[in-house]
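Next comes work-v6.csv, a file with CSV, C-alpha atoms.
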```csv
chain,number,residue,atom,x,y,z
U,5,MET,CA,57.1,-13.8,-90.8
U,6,ALA,CA,57.6,-14.9,-87.3
U,7,TYR,CA,55.7,-17.8,-86.0
U,8,TYR,CA,54.5,-17.2,-82.4
U,9,ASP,CA,53.9,-20.3,-80.3
U,10,ASN,CA,52.1,-19.9,-77.0
U,11,SER,CA,53.5,-23.1,-75.7
U,12,ALA,CA,55.9,-21.1,-73.5
U,13,TYR,CA,52.9,-20.1,-71.5
U,14,ASP,CA,51.6,-23.6,-71.0
U,15,PHE,CA,51.8,-24.0,-67.3
U,16,GLU,CA,50.7,-27.5,-67.3
U,17,ARG,CA,54.0,-28.6,-68.6
U,18,PHE,CA,55.7,-27.3,-65.5
U,19,SER,CA,53.3,-28.6,-62.9
U,20,SER,CA,54.5,-31.5,-60.8
U,21,PRO,CA,52.6,-34.7,-60.5
U,22,ALA,CA,50.0,-34.8,-57.9
U,23,ARG,CA,51.4,-35.3,-54.5
U,24,LYS,CA,50.2,-37.9,-52.1
U,25,ARG,CA,49.2,-36.9,-48.7
U,26,GLU,CA,52.0,-37.2,-46.4
U,27,THR,CA,51.3,-39.1,-43.2
U,28,GLN,CA,53.5,-39.5,-40.3
U,29,PRO,CA,55.7,-42.5,-40.7
U,30,GLU,CA,54.6,-45.3,-38.5
U,31,LYS,CA,57.2,-46.5,-36.2
U,32,ARG,CA,56.8,-49.8,-34.7
U,33,GLY,CA,56.9,-49.8,-30.9
U,34,PHE,CA,56.3,-46.1,-30.6
U,35,GLU,CA,53.1,-45.2,-28.8
U,36,PRO,CA,52.6,-41.8,-27.3
U,37,LYS,CA,52.3,-41.8,-23.6
U,38,ILE,CA,49.9,-39.5,-21.9
U,39,VAL,CA,51.4,-38.1,-18.8
U,40,ARG,CA,48.9,-37.1,-16.2
U,41,ALA,CA,49.6,-35.1,-13.1
U,42,PRO,CA,49.5,-37.1,-10.0
U,43,LYS,CA,46.3,-36.9,-8.1
U,44,LYS,CA,46.4,-34.4,-5.3
U,45,SER,CA,45.1,-34.9,-1.9
U,46,TYR,CA,42.2,-32.9,-0.6
U,47,LYS,CA,44.6,-31.0,1.7
U,48,GLN,CA,46.8,-30.0,-1.3
U,49,GLN,CA,43.9,-28.9,-3.4
U,50,LYS,CA,42.6,-26.8,-0.5
U,51,GLU,CA,46.0,-25.2,-0.1
U,52,GLU,CA,46.2,-24.4,-3.8
U,53,ASN,CA,42.7,-23.0,-3.8
U,54,SER,CA,43.4,-20.8,-0.8
U,55,LYS,CA,46.6,-19.6,-2.5
U,56,HIS,CA,44.6,-18.7,-5.7
U,57,ARG,CA,41.9,-17.0,-3.6
U,58,LYS,CA,44.6,-14.9,-1.8
U,59,LYS,CA,46.1,-13.9,-5.2
U,60,ILE,CA,42.7,-13.0,-6.6
U,61,ILE,CA,41.9,-11.0,-3.5
U,62,ARG,CA,45.2,-9.2,-3.6
U,63,VAL,CA,44.7,-8.3,-7.3
U,64,ALA,CA,41.1,-7.2,-6.7
U,65,VAL,CA,42.1,-5.0,-3.7
U,66,LEU,CA,45.1,-3.5,-5.6
U,67,SER,CA,42.9,-2.8,-8.6
U,68,LEU,CA,40.2,-1.2,-6.4
U,69,VAL,CA,42.9,1.0,-4.7
U,70,LEU,CA,44.3,2.0,-8.0
U,71,LEU,CA,40.8,2.7,-9.4
U,72,PHE,CA,40.0,4.9,-6.3
U,73,MET,CA,43.3,6.7,-6.7
U,74,LEU,CA,42.6,7.4,-10.4
U,75,GLY,CA,39.0,8.5,-9.6
U,76,GLY,CA,40.3,10.8,-6.8
U,77,ARG,CA,42.9,12.3,-9.1
U,78,ILE,CA,40.3,13.0,-11.8
U,79,TYR,CA,37.9,14.5,-9.2
U,80,LEU,CA,40.6,16.7,-7.7
U,81,GLN,CA,41.7,17.9,-11.2
U,82,VAL,CA,38.1,18.7,-12.1
U,83,ASP,CA,37.6,20.5,-8.8
U,84,LEU,CA,40.9,22.5,-9.3
U,85,THR,CA,39.9,23.5,-12.8
U,86,GLU,CA,36.5,24.7,-11.6
U,87,LYS,CA,38.1,26.7,-8.8
U,88,ILE,CA,40.6,28.3,-11.2
U,89,ARG,CA,37.7,29.2,-13.5
U,90,THR,CA,35.8,30.8,-10.5
U,91,LEU,CA,39.0,32.7,-9.5
U,92,ASP,CA,39.4,34.0,-13.1
U,93,ASN,CA,35.8,35.2,-13.0
U,94,TYR,CA,36.4,37.0,-9.7
U,95,ASN,CA,39.6,38.5,-11.0
U,96,ALA,CA,37.7,39.8,-14.1
U,97,GLN,CA,35.1,41.3,-11.8
U,98,ILE,CA,37.8,43.0,-9.6
U,99,LYS,CA,39.4,44.5,-12.8
U,100,VAL,CA,36.0,45.9,-13.8
U,101,ALA,CA,35.3,47.3,-10.3
U,102,GLN,CA,38.8,48.9,-10.2
U,103,SER,CA,38.3,50.6,-13.6
U,104,GLN,CA,34.8,51.8,-12.4
U,105,ASN,CA,36.5,53.1,-9.2
U,106,VAL,CA,39.1,55.0,-11.2
U,107,ALA,CA,36.4,56.5,-13.4
U,108,LEU,CA,34.2,57.5,-10.5
U,109,ASN,CA,37.2,59.0,-8.6
U,110,ASN,CA,38.1,61.1,-11.7
U,111,LYS,CA,34.5,62.2,-11.9
U,112,LEU,CA,34.5,63.1,-8.2
U,113,TYR,CA,37.7,65.1,-8.5
U,114,GLU,CA,36.3,66.9,-11.5
U,115,ILE,CA,33.1,67.7,-9.7
U,116,MET,CA,34.8,68.8,-6.5
U,117,SER,CA,37.6,70.8,-8.1
U,118,LEU,CA,37.9,74.4,-7.0
U,119,SER,CA,37.3,75.8,-10.5
U,120,THR,CA,34.1,73.7,-10.9
U,121,VAL,CA,32.7,74.8,-7.5
U,122,GLU,CA,33.5,78.4,-8.2
U,123,LYS,CA,32.0,78.3,-11.7
U,124,LYS,CA,28.8,76.7,-10.3
U,125,ALA,CA,28.6,79.3,-7.5
U,126,VAL,CA,28.9,82.2,-9.9
U,127,ASP,CA,26.8,80.8,-12.8
U,128,GLU,CA,24.0,78.9,-11.1
U,129,LEU,CA,23.8,80.5,-7.6
U,130,HIS,CA,24.7,84.0,-8.8
U,131,MET,CA,27.2,84.5,-6.1
U,132,VAL,CA,29.9,87.1,-6.4
U,133,LYS,CA,33.6,86.6,-5.6
U,134,ARG,CA,35.1,89.1,-3.2
U,135,ASP,CA,37.9,91.4,-4.0
U,136,ALA,CA,40.9,91.7,-1.7
U,137,SER,CA,39.6,95.1,-0.7
U,138,GLN,CA,36.4,93.6,0.6
U,139,ILE,CA,38.1,91.1,3.0
U,140,ARG,CA,38.5,92.1,6.6
U,141,TYR,CA,40.5,90.2,9.2
U,142,LEU,CA,39.8,90.1,12.8
U,143,SER,CA,42.6,89.6,15.3
U,144,ILE,CA,41.5,88.2,18.5
U,145,ASP,CA,44.0,89.0,21.2
U,146,SER,CA,43.5,90.7,24.5
U,147,THR,CA,41.9,93.5,22.6
U,148,ASP,CA,39.6,93.3,19.7
U,149,ASN,CA,41.1,95.3,16.8
U,150,LEU,CA,39.4,95.5,13.4
U,151,THR,CA,41.7,96.3,10.4
U,152,ASP,CA,40.8,96.8,6.8
U,153,GLY,CA,42.4,94.2,4.5
U,154,VAL,CA,45.5,93.7,6.6
U,155,ARG,CA,45.9,91.3,9.5
U,156,THR,CA,47.9,92.8,12.3
U,157,SER,CA,49.2,91.2,15.4
U,158,GLU,CA,50.2,93.1,18.5
```
Show how you would write the structure in this file as structure tokens.
Amino acid sequence: MAYYDNSAYDFERFSSPARKRETQPEKRGFEPKIVRAPKKSYKQQKEENSKHRKKIIRVAVLSLVLLFMLGGRIYLQVDLTEKIRTLDNYNAQIKVAQSQNVALNNKLYEIMSLSTVEKKAVDELHMVKRDASQIRYLSIDSTDNLTDGVRTSE
């Protein structure tokens, strides 16, 4: 039988002794010096402030110009889109009107065709179509001549 020892998992054996807090070594004669900017005169402060104001004004003006340009671009794009949509609506209306025009022209040609007019005259108005023998032509020249069915010229 094998003997299992859990001592391999005893992590306390491997831990290092507690460390002391490390502090910066103290060097004798070393004292940190605080370097301060030399005091500026009133005139120098005023010049620096005016430079900063000018920069701020430039940045503000530039940002406003860019903002207006962006807003104008967006407005123009929306306006263009709306006009294109309106144009598409008008084109659709034109196509509908053209198709109605074609349909109405076909109906007009059907109604005004010679066969339709002749059929309506015979069927509804009870008119009779003449034969060739019933047609007489008049020739108007210096003399009035009446001929039967044949046009003559003298």
Exercise. Please, what distance in Å, to one decimal, runs between atom CA of Ile88 of chain U and atom CA of Gly76 of chain U?
Worked result: 18.0 Å
For this session: Take atom CA of Asn95 of chain U and atom CA of Tyr113 of chain U and report the distance between them in Å, one decimal.
Result: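 Atom-to-atom, atom CA of Asn95 of chain U and atom CA of Tyr113 of chain U are spaced 26.8 Å apart.
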Exercise. Distance atom CA of Ser54 of chain U-atom CA of Ile38 of chain U, one decimal place?
Worked result: 28.9 Å
If I only have part of segment 44-78 of chain U, can you fill in N, CA and C atoms and write it as a PDB file, keeping the file's coordinate frame?
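Result file follows (part.pdb):
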```pdb
ATOM      1  N   LYS U  44      46.104 -35.126  -6.520  1.00  0.00           N
ATOM      2  CA  LYS U  44      46.400 -34.400  -5.300  1.00  0.00           C
ATOM      3  C   LYS U  44      45.454 -34.735  -4.240  1.00  0.00           C
ATOM      4  N   SER U  45      45.973 -34.631  -3.058  1.00  0.00           N
ATOM      5  CA  SER U  45      45.100 -34.900  -1.900  1.00  0.00           C
ATOM      6  C   SER U  45      44.171 -33.745  -1.685  1.00  0.00           C
ATOM      7  N   TYR U  46      43.194 -33.968  -0.888  1.00  0.00           N
ATOM      8  CA  TYR U  46      42.200 -32.900  -0.600  1.00  0.00           C
ATOM      9  C   TYR U  46      42.895 -31.754   0.097  1.00  0.00           C
ATOM     10  N   LYS U  47      43.862 -32.015   0.953  1.00  0.00           N
ATOM     11  CA  LYS U  47      44.600 -31.000   1.700  1.00  0.00           C
ATOM     12  C   LYS U  47      45.388 -30.105   0.692  1.00  0.00           C
ATOM     13  N   GLN U  48      46.054 -30.754  -0.276  1.00  0.00           N
ATOM     14  CA  GLN U  48      46.800 -30.000  -1.300  1.00  0.00           C
ATOM     15  C   GLN U  48      45.923 -29.162  -2.151  1.00  0.00           C
ATOM     16  N   GLN U  49      44.792 -29.699  -2.552  1.00  0.00           N
ATOM     17  CA  GLN U  49      43.900 -28.900  -3.400  1.00  0.00           C
ATOM     18  C   GLN U  49      43.332 -27.720  -2.597  1.00  0.00           C
ATOM     19  N   LYS U  50      43.060 -27.932  -1.327  1.00  0.00           N
ATOM     20  CA  LYS U  50      42.600 -26.800  -0.500  1.00  0.00           C
ATOM     21  C   LYS U  50      43.610 -25.752  -0.358  1.00  0.00           C
ATOM     22  N   GLU U  51      44.884 -26.136  -0.163  1.00  0.00           N
ATOM     23  CA  GLU U  51      46.000 -25.200  -0.100  1.00  0.00           C
ATOM     24  C   GLU U  51      46.130 -24.383  -1.355  1.00  0.00           C
ATOM     25  N   GLU U  52      46.096 -25.074  -2.483  1.00  0.00           N
ATOM     26  CA  GLU U  52      46.200 -24.400  -3.800  1.00  0.00           C
ATOM     27  C   GLU U  52      45.063 -23.440  -4.011  1.00  0.00           C
ATOM     28  N   ASN U  53      43.860 -23.895  -3.673  1.00  0.00           N
ATOM     29  CA  ASN U  53      42.700 -23.000  -3.800  1.00  0.00           C
ATOM     30  C   ASN U  53      42.803 -21.797  -2.946  1.00  0.00           C
ATOM     31  N   SER U  54      43.280 -21.968  -1.721  1.00  0.00           N
ATOM     32  CA  SER U  54      43.400 -20.800  -0.800  1.00  0.00           C
ATOM     33  C   SER U  54      44.491 -19.863  -1.356  1.00  0.00           C
ATOM     34  N   LYS U  55      45.574 -20.408  -1.932  1.00  0.00           N
ATOM     35  CA  LYS U  55      46.600 -19.600  -2.500  1.00  0.00           C
ATOM     36  C   LYS U  55      46.031 -18.761  -3.696  1.00  0.00           C
ATOM     37  N   HIS U  56      45.255 -19.423  -4.535  1.00  0.00           N
ATOM     38  CA  HIS U  56      44.600 -18.700  -5.700  1.00  0.00           C
ATOM     39  C   HIS U  56      43.666 -17.671  -5.209  1.00  0.00           C
ATOM     40  N   ARG U  57      42.887 -18.007  -4.186  1.00  0.00           N
ATOM     41  CA  ARG U  57      41.900 -17.000  -3.600  1.00  0.00           C
ATOM     42  C   ARG U  57      42.693 -15.803  -3.114  1.00  0.00           C
ATOM     43  N   LYS U  58      43.798 -16.047  -2.373  1.00  0.00           N
ATOM     44  CA  LYS U  58      44.600 -14.900  -1.800  1.00  0.00           C
ATOM     45  C   LYS U  58      45.131 -14.055  -2.964  1.00  0.00           C
ATOM     46  N   LYS U  59      45.620 -14.684  -4.019  1.00  0.00           N
ATOM     47  CA  LYS U  59      46.100 -13.900  -5.200  1.00  0.00           C
ATOM     48  C   LYS U  59      45.025 -13.100  -5.798  1.00  0.00           C
ATOM     49  N   ILE U  60      43.876 -13.723  -5.964  1.00  0.00           N
ATOM     50  CA  ILE U  60      42.700 -13.000  -6.600  1.00  0.00           C
ATOM     51  C   ILE U  60      42.313 -11.853  -5.712  1.00  0.00           C
ATOM     52  N   ILE U  61      42.273 -12.077  -4.398  1.00  0.00           N
ATOM     53  CA  ILE U  61      41.900 -11.000  -3.500  1.00  0.00           C
ATOM     54  C   ILE U  61      42.889  -9.872  -3.534  1.00  0.00           C
ATOM     55  N   ARG U  62      44.191 -10.203  -3.556  1.00  0.00           N
ATOM     56  CA  ARG U  62      45.200  -9.200  -3.600  1.00  0.00           C
ATOM     57  C   ARG U  62      45.076  -8.346  -4.925  1.00  0.00           C
ATOM     58  N   VAL U  63      44.866  -9.045  -6.024  1.00  0.00           N
ATOM     59  CA  VAL U  63      44.700  -8.300  -7.300  1.00  0.00           C
ATOM     60  C   VAL U  63      43.473  -7.464  -7.286  1.00  0.00           C
ATOM     61  N   ALA U  64      42.375  -7.977  -6.738  1.00  0.00           N
ATOM     62  CA  ALA U  64      41.100  -7.200  -6.700  1.00  0.00           C
ATOM     63  C   ALA U  64      41.306  -5.972  -5.795  1.00  0.00           C
ATOM     64  N   VAL U  65      41.927  -6.158  -4.619  1.00  0.00           N
ATOM     65  CA  VAL U  65      42.100  -5.000  -3.700  1.00  0.00           C
ATOM     66  C   VAL U  65      43.052  -3.995  -4.352  1.00  0.00           C
ATOM     67  N   LEU U  66      44.134  -4.455  -4.949  1.00  0.00           N
ATOM     68  CA  LEU U  66      45.100  -3.500  -5.600  1.00  0.00           C
ATOM     69  C   LEU U  66      44.385  -2.781  -6.748  1.00  0.00           C
ATOM     70  N   SER U  67      43.589  -3.498  -7.527  1.00  0.00           N
ATOM     71  CA  SER U  67      42.900  -2.800  -8.600  1.00  0.00           C
ATOM     72  C   SER U  67      41.877  -1.812  -8.103  1.00  0.00           C
ATOM     73  N   LEU U  68      41.178  -2.133  -7.006  1.00  0.00           N
ATOM     74  CA  LEU U  68      40.200  -1.200  -6.400  1.00  0.00           C
ATOM     75  C   LEU U  68      40.964   0.046  -5.883  1.00  0.00           C
ATOM     76  N   VAL U  69      42.104  -0.171  -5.213  1.00  0.00           N
ATOM     77  CA  VAL U  69      42.900   1.000  -4.700  1.00  0.00           C
ATOM     78  C   VAL U  69      43.335   1.856  -5.845  1.00  0.00           C
ATOM     79  N   LEU U  70      43.856   1.243  -6.896  1.00  0.00           N
ATOM     80  CA  LEU U  70      44.300   2.000  -8.000  1.00  0.00           C
ATOM     81  C   LEU U  70      43.124   2.754  -8.719  1.00  0.00           C
ATOM     82  N   LEU U  71      41.981   2.087  -8.781  1.00  0.00           N
ATOM     83  CA  LEU U  71      40.800   2.700  -9.400  1.00  0.00           C
ATOM     84  C   LEU U  71      40.352   3.910  -8.535  1.00  0.00           C
ATOM     85  N   PHE U  72      40.340   3.753  -7.189  1.00  0.00           N
ATOM     86  CA  PHE U  72      40.000   4.900  -6.300  1.00  0.00           C
ATOM     87  C   PHE U  72      40.978   6.007  -6.443  1.00  0.00           C
ATOM     88  N   MET U  73      42.255   5.675  -6.550  1.00  0.00           N
ATOM     89  CA  MET U  73      43.300   6.700  -6.700  1.00  0.00           C
ATOM     90  C   MET U  73      43.084   7.473  -8.016  1.00  0.00           C
ATOM     91  N   LEU U  74      42.810   6.736  -9.069  1.00  0.00           N
ATOM     92  CA  LEU U  74      42.600   7.400 -10.400  1.00  0.00           C
ATOM     93  C   LEU U  74      41.320   8.238 -10.316  1.00  0.00           C
ATOM     94  N   GLY U  75      40.257   7.720  -9.729  1.00  0.00           N
ATOM     95  CA  GLY U  75      39.000   8.500  -9.600  1.00  0.00           C
ATOM     96  C   GLY U  75      39.228   9.741  -8.758  1.00  0.00           C
ATOM     97  N   GLY U  76      39.976   9.603  -7.657  1.00  0.00           N
ATOM     98  CA  GLY U  76      40.300  10.800  -6.800  1.00  0.00           C
ATOM     99  C   GLY U  76      41.090  11.798  -7.555  1.00  0.00           C
ATOM    100  N   ARG U  77      42.042  11.346  -8.326  1.00  0.00           N
ATOM    101  CA  ARG U  77      42.900  12.300  -9.100  1.00  0.00           C
ATOM    102  C   ARG U  77      42.033  13.021 -10.118  1.00  0.00           C
ATOM    103  N   ILE U  78      41.158  12.315 -10.787  1.00  0.00           N
ATOM    104  CA  ILE U  78      40.300  13.000 -11.800  1.00  0.00           C
ATOM    105  C   ILE U  78      39.364  13.965 -11.082  1.00  0.00           C
TER     106      ILE U  78
END
```
